[in-house]
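J.: coords-v2.cif is reproduced in full below (mmCIF, C-alpha atoms).
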```
data_protein
loop_
_atom_site.group_PDB
_atom_site.id
_atom_site.type_symbol
_atom_site.label_atom_id
_atom_site.label_comp_id
_atom_site.auth_asym_id
_atom_site.auth_seq_id
_atom_site.Cartn_x
_atom_site.Cartn_y
_atom_site.Cartn_z
ATOM 1 C CA MET H 1 0.000 0.000 0.000
ATOM 2 C CA ILE H 2 1.033 3.569 -0.703
ATOM 3 C CA PHE H 3 -0.040 6.074 1.956
ATOM 4 C CA GLU H 4 0.715 9.749 2.239
ATOM 5 C CA GLY H 5 -0.808 12.648 4.165
ATOM 6 C CA PHE H 6 -0.157 16.381 4.044
ATOM 7 C CA GLY H 7 -1.838 19.577 5.175
ATOM 8 C CA VAL H 8 -3.578 21.762 2.593
ATOM 9 C CA GLY H 9 -5.109 25.223 2.619
ATOM 10 C CA PRO H 10 -5.061 27.975 5.237
ATOM 11 C CA MET H 11 -6.596 25.675 7.855
ATOM 12 C CA GLU H 12 -3.990 22.948 7.189
ATOM 13 C CA ALA H 13 -6.601 20.222 6.776
ATOM 14 C CA ASN H 14 -4.927 16.879 6.242
ATOM 15 C CA CYS H 15 -5.446 15.360 2.808
ATOM 16 C CA TYR H 16 -4.587 11.680 2.454
ATOM 17 C CA ILE H 17 -3.669 9.627 -0.594
ATOM 18 C CA ILE H 18 -4.262 5.885 -0.326
ATOM 19 C CA GLY H 19 -2.862 3.873 -3.212
ATOM 20 C CA CYS H 20 -2.599 0.246 -4.250
ATOM 21 C CA ALA H 21 0.997 -0.613 -5.124
ATOM 22 C CA GLU H 22 -0.123 -3.406 -7.449
ATOM 23 C CA THR H 23 -2.924 -1.788 -9.475
ATOM 24 C CA LYS H 24 -1.857 1.878 -9.055
ATOM 25 C CA GLU H 25 -5.440 2.828 -8.199
ATOM 26 C CA ALA H 26 -5.862 5.469 -5.510
ATOM 27 C CA ALA H 27 -8.346 7.260 -3.302
ATOM 28 C CA VAL H 28 -7.962 10.851 -2.174
ATOM 29 C CA VAL H 29 -9.447 11.575 1.233
ATOM 30 C CA ASP H 30 -10.469 15.180 2.000
ATOM 31 C CA PRO H 31 -9.089 17.273 -0.877
ATOM 32 C CA GLY H 32 -9.665 20.484 1.051
ATOM 33 C CA ALA H 33 -7.555 22.871 -1.062
ATOM 34 C CA GLU H 34 -4.501 23.027 -3.328
ATOM 35 C CA GLY H 35 -5.903 20.717 -5.984
ATOM 36 C CA GLY H 36 -2.839 21.164 -8.184
ATOM 37 C CA ARG H 37 -0.577 19.978 -5.385
ATOM 38 C CA ILE H 38 -2.755 16.909 -4.806
ATOM 39 C CA LEU H 39 -2.737 16.059 -8.512
ATOM 40 C CA SER H 40 1.034 16.535 -8.627
ATOM 41 C CA ARG H 41 1.532 14.092 -5.767
ATOM 42 C CA LEU H 42 -0.678 11.518 -7.500
ATOM 43 C CA GLU H 43 1.378 11.886 -10.675
ATOM 44 C CA LYS H 44 4.699 11.590 -8.847
ATOM 45 C CA LEU H 45 3.455 8.485 -7.059
ATOM 46 C CA GLY H 46 2.275 6.991 -10.347
ATOM 47 C CA LEU H 47 -1.305 6.663 -9.105
ATOM 48 C CA GLN H 48 -4.700 7.072 -10.772
ATOM 49 C CA CYS H 49 -7.347 8.518 -8.479
ATOM 50 C CA LYS H 50 -10.592 6.565 -8.748
ATOM 51 C CA SER H 51 -12.321 7.762 -5.554
ATOM 52 C CA ILE H 52 -12.614 10.994 -3.587
ATOM 53 C CA ILE H 53 -13.783 10.183 -0.062
ATOM 54 C CA LEU H 54 -14.897 12.915 2.323
ATOM 55 C CA THR H 55 -14.787 12.423 6.083
ATOM 56 C CA HIS H 56 -17.355 15.230 6.345
ATOM 57 C CA GLY H 57 -18.650 18.174 4.385
ATOM 58 C CA HIS H 58 -17.006 21.273 5.868
ATOM 59 C CA MET H 59 -15.318 23.688 3.477
ATOM 60 C CA ASP H 60 -11.750 23.023 4.595
ATOM 61 C CA HIS H 61 -12.118 19.358 3.630
ATOM 62 C CA VAL H 62 -13.973 19.697 0.319
ATOM 63 C CA GLY H 63 -12.581 22.813 -1.371
ATOM 64 C CA ALA H 64 -10.574 21.097 -4.139
ATOM 65 C CA ILE H 65 -13.185 18.492 -5.111
ATOM 66 C CA ASN H 66 -13.875 19.981 -8.541
ATOM 67 C CA GLU H 67 -10.232 20.337 -9.516
ATOM 68 C CA VAL H 68 -9.402 16.751 -8.569
ATOM 69 C CA ARG H 69 -12.623 15.294 -10.002
ATOM 70 C CA GLN H 70 -12.282 17.091 -13.340
ATOM 71 C CA ALA H 71 -8.692 15.927 -13.757
ATOM 72 C CA THR H 72 -9.277 12.311 -12.755
ATOM 73 C CA ASP H 73 -13.004 11.582 -13.283
ATOM 74 C CA ALA H 74 -13.010 10.086 -9.777
ATOM 75 C CA ASN H 75 -16.242 9.276 -7.947
ATOM 76 C CA VAL H 76 -17.034 11.543 -4.994
ATOM 77 C CA MET H 77 -18.265 9.801 -1.841
ATOM 78 C CA ILE H 78 -19.758 11.246 1.349
ATOM 79 C CA HIS H 79 -21.981 9.921 4.142
ATOM 80 C CA SER H 80 -25.708 10.456 3.705
ATOM 81 C CA GLY H 81 -25.825 12.676 6.791
ATOM 82 C CA ASP H 82 -23.524 15.232 5.157
ATOM 83 C CA ALA H 83 -24.551 14.786 1.517
ATOM 84 C CA ASP H 84 -26.427 18.100 1.337
ATOM 85 C CA MET H 85 -23.280 19.975 2.369
ATOM 86 C CA LEU H 86 -21.887 19.501 -1.118
ATOM 87 C CA THR H 87 -24.673 21.555 -2.686
ATOM 88 C CA SER H 88 -25.174 24.111 0.104
ATOM 89 C CA PRO H 89 -22.603 26.843 0.838
ATOM 90 C CA ALA H 90 -24.463 27.539 4.087
ATOM 91 C CA GLN H 91 -24.147 23.959 5.297
ATOM 92 C CA ASN H 92 -20.516 23.525 4.285
ATOM 93 C CA LEU H 93 -19.838 26.891 6.001
ATOM 94 C CA SER H 94 -18.183 28.513 2.969
ATOM 95 C CA LEU H 95 -21.034 31.043 2.795
ATOM 96 C CA PHE H 96 -19.722 32.606 5.984
ATOM 97 C CA MET H 97 -16.166 32.807 4.623
ATOM 98 C CA GLY H 98 -17.081 34.445 1.316
ATOM 99 C CA SER H 99 -16.114 31.558 -0.982
ATOM 100 C CA MET H 100 -19.555 30.076 -1.786
ATOM 101 C CA LEU H 101 -18.433 26.505 -2.434
ATOM 102 C CA LYS H 102 -21.054 24.458 -4.281
ATOM 103 C CA PHE H 103 -20.556 21.075 -5.922
ATOM 104 C CA LYS H 104 -22.502 18.428 -7.770
ATOM 105 C CA LYS H 105 -24.191 15.743 -5.715
ATOM 106 C CA ALA H 106 -22.028 12.847 -4.613
ATOM 107 C CA ASP H 107 -21.570 9.925 -6.968
ATOM 108 C CA ARG H 108 -21.930 7.537 -4.035
ATOM 109 C CA VAL H 109 -23.642 8.145 -0.715
ATOM 110 C CA LEU H 110 -22.008 6.177 2.078
ATOM 111 C CA GLU H 111 -23.463 4.469 5.136
ATOM 112 C CA ASP H 112 -21.890 2.886 8.205
ATOM 113 C CA GLY H 113 -20.116 -0.357 7.364
ATOM 114 C CA ASP H 114 -19.814 0.331 3.639
ATOM 115 C CA LYS H 115 -16.655 -0.852 1.928
ATOM 116 C CA VAL H 116 -14.622 1.019 -0.660
ATOM 117 C CA GLN H 117 -12.146 -0.967 -2.724
ATOM 118 C CA VAL H 118 -8.989 0.818 -3.855
ATOM 119 C CA GLY H 119 -7.272 -1.755 -6.006
ATOM 120 C CA ASN H 120 -6.296 -4.433 -3.486
ATOM 121 C CA VAL H 121 -6.705 -2.096 -0.508
ATOM 122 C CA LEU H 122 -9.994 -2.348 1.381
ATOM 123 C CA LEU H 123 -11.446 0.636 3.242
ATOM 124 C CA GLU H 124 -14.343 0.491 5.712
ATOM 125 C CA VAL H 125 -16.664 3.356 6.617
ATOM 126 C CA ILE H 126 -17.216 3.986 10.331
ATOM 127 C CA HIS H 127 -20.000 6.485 11.024
ATOM 128 C CA THR H 128 -18.881 8.795 13.843
ATOM 129 C CA PRO H 129 -21.359 11.676 14.134
ATOM 130 C CA GLY H 130 -20.839 14.583 16.506
ATOM 131 C CA HIS H 131 -18.654 17.020 14.596
ATOM 132 C CA THR H 132 -21.205 16.788 11.793
ATOM 133 C CA PRO H 133 -24.230 14.474 11.414
ATOM 134 C CA GLY H 134 -22.515 12.464 8.680
ATOM 135 C CA GLY H 135 -18.939 12.488 9.908
ATOM 136 C CA ILE H 136 -17.051 9.289 9.187
ATOM 137 C CA CYS H 137 -13.748 7.647 9.946
ATOM 138 C CA ILE H 138 -12.068 5.375 7.423
ATOM 139 C CA LYS H 139 -10.493 2.110 8.581
ATOM 140 C CA ILE H 140 -7.756 0.851 6.296
ATOM 141 C CA LYS H 141 -7.696 -2.951 6.406
ATOM 142 C CA GLY H 142 -4.405 -3.971 7.966
ATOM 143 C CA GLY H 143 -3.600 -0.329 8.708
ATOM 144 C CA GLY H 144 -4.731 2.687 10.649
ATOM 145 C CA ILE H 145 -7.817 4.873 10.825
ATOM 146 C CA ILE H 146 -8.334 8.237 9.155
ATOM 147 C CA THR H 147 -10.408 10.056 11.772
ATOM 148 C CA GLY H 148 -11.266 13.344 10.034
ATOM 149 C CA ASP H 149 -12.403 15.954 12.544
ATOM 150 C CA THR H 150 -13.709 13.343 14.991
ATOM 151 C CA LEU H 151 -10.490 12.590 16.876
ATOM 152 C CA PHE H 152 -7.193 14.480 16.955
ATOM 153 C CA ALA H 153 -3.903 13.906 18.753
ATOM 154 C CA GLY H 154 -4.750 15.090 22.256
ATOM 155 C CA SER H 155 -8.088 16.604 21.311
ATOM 156 C CA VAL H 156 -11.463 16.042 19.643
ATOM 157 C CA GLY H 157 -13.450 17.827 16.970
ATOM 158 C CA ARG H 158 -15.503 20.947 17.513
ATOM 159 C CA SER H 159 -19.187 20.433 18.161
ATOM 160 C CA ASP H 160 -20.443 24.017 18.071
ATOM 161 C CA PHE H 161 -21.214 24.098 14.338
ATOM 162 C CA PRO H 162 -24.769 23.396 13.103
ATOM 163 C CA GLY H 163 -25.575 19.706 13.495
ATOM 164 C CA GLY H 164 -22.790 19.149 16.019
ATOM 165 C CA SER H 165 -23.102 17.599 19.473
ATOM 166 C CA HIS H 166 -20.299 17.122 21.986
ATOM 167 C CA ASN H 167 -22.070 14.234 23.728
ATOM 168 C CA VAL H 168 -22.695 12.463 20.431
ATOM 169 C CA LEU H 169 -19.068 13.051 19.392
ATOM 170 C CA ILE H 170 -17.614 11.592 22.590
ATOM 171 C CA ASN H 171 -19.965 8.625 22.356
ATOM 172 C CA SER H 172 -18.843 8.017 18.761
ATOM 173 C CA ILE H 173 -15.196 8.019 19.797
ATOM 174 C CA LYS H 174 -15.675 5.788 22.814
ATOM 175 C CA THR H 175 -17.952 3.241 21.137
ATOM 176 C CA ARG H 176 -16.611 3.213 17.572
ATOM 177 C CA LEU H 177 -12.889 3.984 17.830
ATOM 178 C CA LEU H 178 -11.455 3.162 21.239
ATOM 179 C CA ASN H 179 -12.302 -0.516 20.811
ATOM 180 C CA PHE H 180 -9.551 -0.863 18.189
ATOM 181 C CA PRO H 181 -6.151 -2.187 19.355
ATOM 182 C CA ASP H 182 -3.945 0.327 21.140
ATOM 183 C CA ASP H 183 -1.292 0.217 18.397
ATOM 184 C CA THR H 184 -3.787 1.276 15.699
ATOM 185 C CA LYS H 185 -2.512 4.440 14.035
ATOM 186 C CA VAL H 186 -4.780 7.502 14.071
ATOM 187 C CA TYR H 187 -4.553 9.861 11.094
ATOM 188 C CA PRO H 188 -6.620 12.958 11.960
ATOM 189 C CA GLY H 189 -8.124 15.736 9.878
ATOM 190 C CA HIS H 190 -5.711 18.295 11.343
ATOM 191 C CA GLY H 191 -2.385 17.989 13.114
ATOM 192 C CA PRO H 192 -0.012 15.082 13.737
ATOM 193 C CA GLU H 193 -0.798 11.380 13.764
ATOM 194 C CA SER H 194 -1.339 9.452 16.972
ATOM 195 C CA SER H 195 -2.543 6.031 18.094
ATOM 196 C CA ILE H 196 -5.613 4.656 19.801
ATOM 197 C CA GLY H 197 -3.519 3.732 22.857
ATOM 198 C CA ALA H 198 -2.055 7.214 23.177
ATOM 199 C CA GLU H 199 -5.496 8.819 22.966
ATOM 200 C CA LYS H 200 -6.906 6.452 25.577
ATOM 201 C CA LYS H 201 -4.080 7.368 27.927
ATOM 202 C CA TYR H 202 -3.464 11.063 27.289
ATOM 203 C CA ASN H 203 -6.471 12.673 25.583
ATOM 204 C CA PRO H 204 -8.072 14.922 28.236
ATOM 205 C CA PHE H 205 -11.484 14.746 26.555
ATOM 206 C CA LEU H 206 -11.663 10.967 26.892
#
```
Go ahead and express the file in the form of structure tokens.

T.:
Amino acid sequence: MIFEGFGVGPMEANCYIIGCAETKEAAVVDPGAEGGRILSRLEKLGLQCKSIILTHGHMDHVGAINEVRQATDANVMIHSGDADMLTSPAQNLSLFMGSMLKFKKADRVLEDGDKVQVGNVLLEVIHTPGHTPGGICIKIKGGGIITGDTLFAGSVGRSDFPGGSHNVLINSIKTRLLNFPDDTKVYPGHGPESSIGAEKKYNPFL
């Protein structure tokens, strides 16, 4: 497997590239900004993006969808709870930042437990509402978990945006994430990576 993450845009949202070393197929998770940079990394890695997977619908995680989709013809995927954020600048919060982001509807609407195949790499959708109604984490079979804005190193996602709930968020983390082995890597939507064990032990919110 090929795996790479890097911060994009003014909010430094982490964008992840997951690639299959055998088939050269790839998924891009959360292309929040800097579409040209994302496409350049795909080219340098020799990968063809087939899927764009969104952990949630906020502007800092979706901003470069059109640039990546137009260049690759990849399918855009988002959980049903956040699907309307793609077509509503108010819901994806860009309306309040003056950018008015609006996209086509998703090609695939995800639900909890859905699988996404990236060549020989299998991804599983874990619904973790709280930051947004349709927030998801992505479990990489045999690897770590991309946690979006649900769980960070030493912190958790905000819950004061429309549709957010701190109690729901904490419940999602405790019931859907902390049951994974302690050595499971955590790849968050912002900031450095961590592990499930480290968050159990040191995260003050948990």

J.: If we count all atoms listed in the file, what is near Leu177 of chain H at a cut-off of 10 Å, once residues fewer than 4 positions away on the same chain are taken out, given as a list in words?

T.: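 With the cut-off at 10 Å, the set is Ile126, Thr128, Cys137, Lys139, Ile145, Thr147, Thr150, Leu151, Asn171, Ser172, Ile173, Pro181, Thr184, Val186 and Ile196 of chain H.
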
J.: Evaluate the PyMOL selection byres ((chain H and resi 185) around 12) on the structure here and hand back the selected residues as a short mmCIF file (atom, residue, chain, number, x, y, z; two decimals) with C-alpha atoms, in the frame of the given file.

T.:
```
data_model
loop_
_atom_site.label_atom_id
_atom_site.label_comp_id
_atom_site.auth_asym_id
_atom_site.auth_seq_id
_atom_site.Cartn_x
_atom_site.Cartn_y
_atom_site.Cartn_z
CA ILE H 138 -12.07 5.38 7.42
CA LYS H 139 -10.49 2.11 8.58
CA ILE H 140 -7.76 0.85 6.30
CA LYS H 141 -7.70 -2.95 6.41
CA GLY H 142 -4.40 -3.97 7.97
CA GLY H 143 -3.60 -0.33 8.71
CA GLY H 144 -4.73 2.69 10.65
CA ILE H 145 -7.82 4.87 10.82
CA ILE H 146 -8.33 8.24 9.15
CA THR H 147 -10.41 10.06 11.77
CA LEU H 151 -10.49 12.59 16.88
CA PHE H 152 -7.19 14.48 16.95
CA ALA H 153 -3.90 13.91 18.75
CA LEU H 177 -12.89 3.98 17.83
CA LEU H 178 -11.46 3.16 21.24
CA PHE H 180 -9.55 -0.86 18.19
CA PRO H 181 -6.15 -2.19 19.36
CA ASP H 182 -3.94 0.33 21.14
CA ASP H 183 -1.29 0.22 18.40
CA THR H 184 -3.79 1.28 15.70
CA VAL H 186 -4.78 7.50 14.07
CA TYR H 187 -4.55 9.86 11.09
CA PRO H 188 -6.62 12.96 11.96
CA PRO H 192 -0.01 15.08 13.74
CA GLU H 193 -0.80 11.38 13.76
CA SER H 194 -1.34 9.45 16.97
CA SER H 195 -2.54 6.03 18.09
CA ILE H 196 -5.61 4.66 19.80
CA GLY H 197 -3.52 3.73 22.86
CA ALA H 198 -2.06 7.21 23.18
CA GLU H 199 -5.50 8.82 22.97
#
```

J.: So, counting all atoms listed in the file, which residue among H:Leu169, H:Gly46, H:Arg37, H:Ser51 is closest to Leu123 of chain H?

T.: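 Under the stated criterion, the closest residue is H:Ser51.
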
J.: At most 8 Å from (-8.9, 14.9, 26.7), file frame, all atoms listed in the file: which residues, as a JSON list (two decimals) with C-alpha atoms, keeping the file's coordinate frame?

T.:
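Below is the file selection-v6.json, written as the result:
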```json
[["chain", "number", "residue", "atom", "x", "y", "z"],
["H", 154, "GLY", "CA", -4.75, 15.09, 22.26],
["H", 155, "SER", "CA", -8.09, 16.60, 21.31],
["H", 156, "VAL", "CA", -11.46, 16.04, 19.64],
["H", 199, "GLU", "CA", -5.50, 8.82, 22.97],
["H", 202, "TYR", "CA", -3.46, 11.06, 27.29],
["H", 203, "ASN", "CA", -6.47, 12.67, 25.58],
["H", 204, "PRO", "CA", -8.07, 14.92, 28.24],
["H", 205, "PHE", "CA", -11.48, 14.75, 26.56],
["H", 206, "LEU", "CA", -11.66, 10.97, 26.89]]
```

J.: Given all atoms listed in the file as the basis, pick out the residue of H:Leu54, H:Val168, H:Ala106, H:Met77 nearest to Pro129 of chain H.

T.: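 The shortest atom-to-atom distance to Pro129 of chain H comes from H:Val168.
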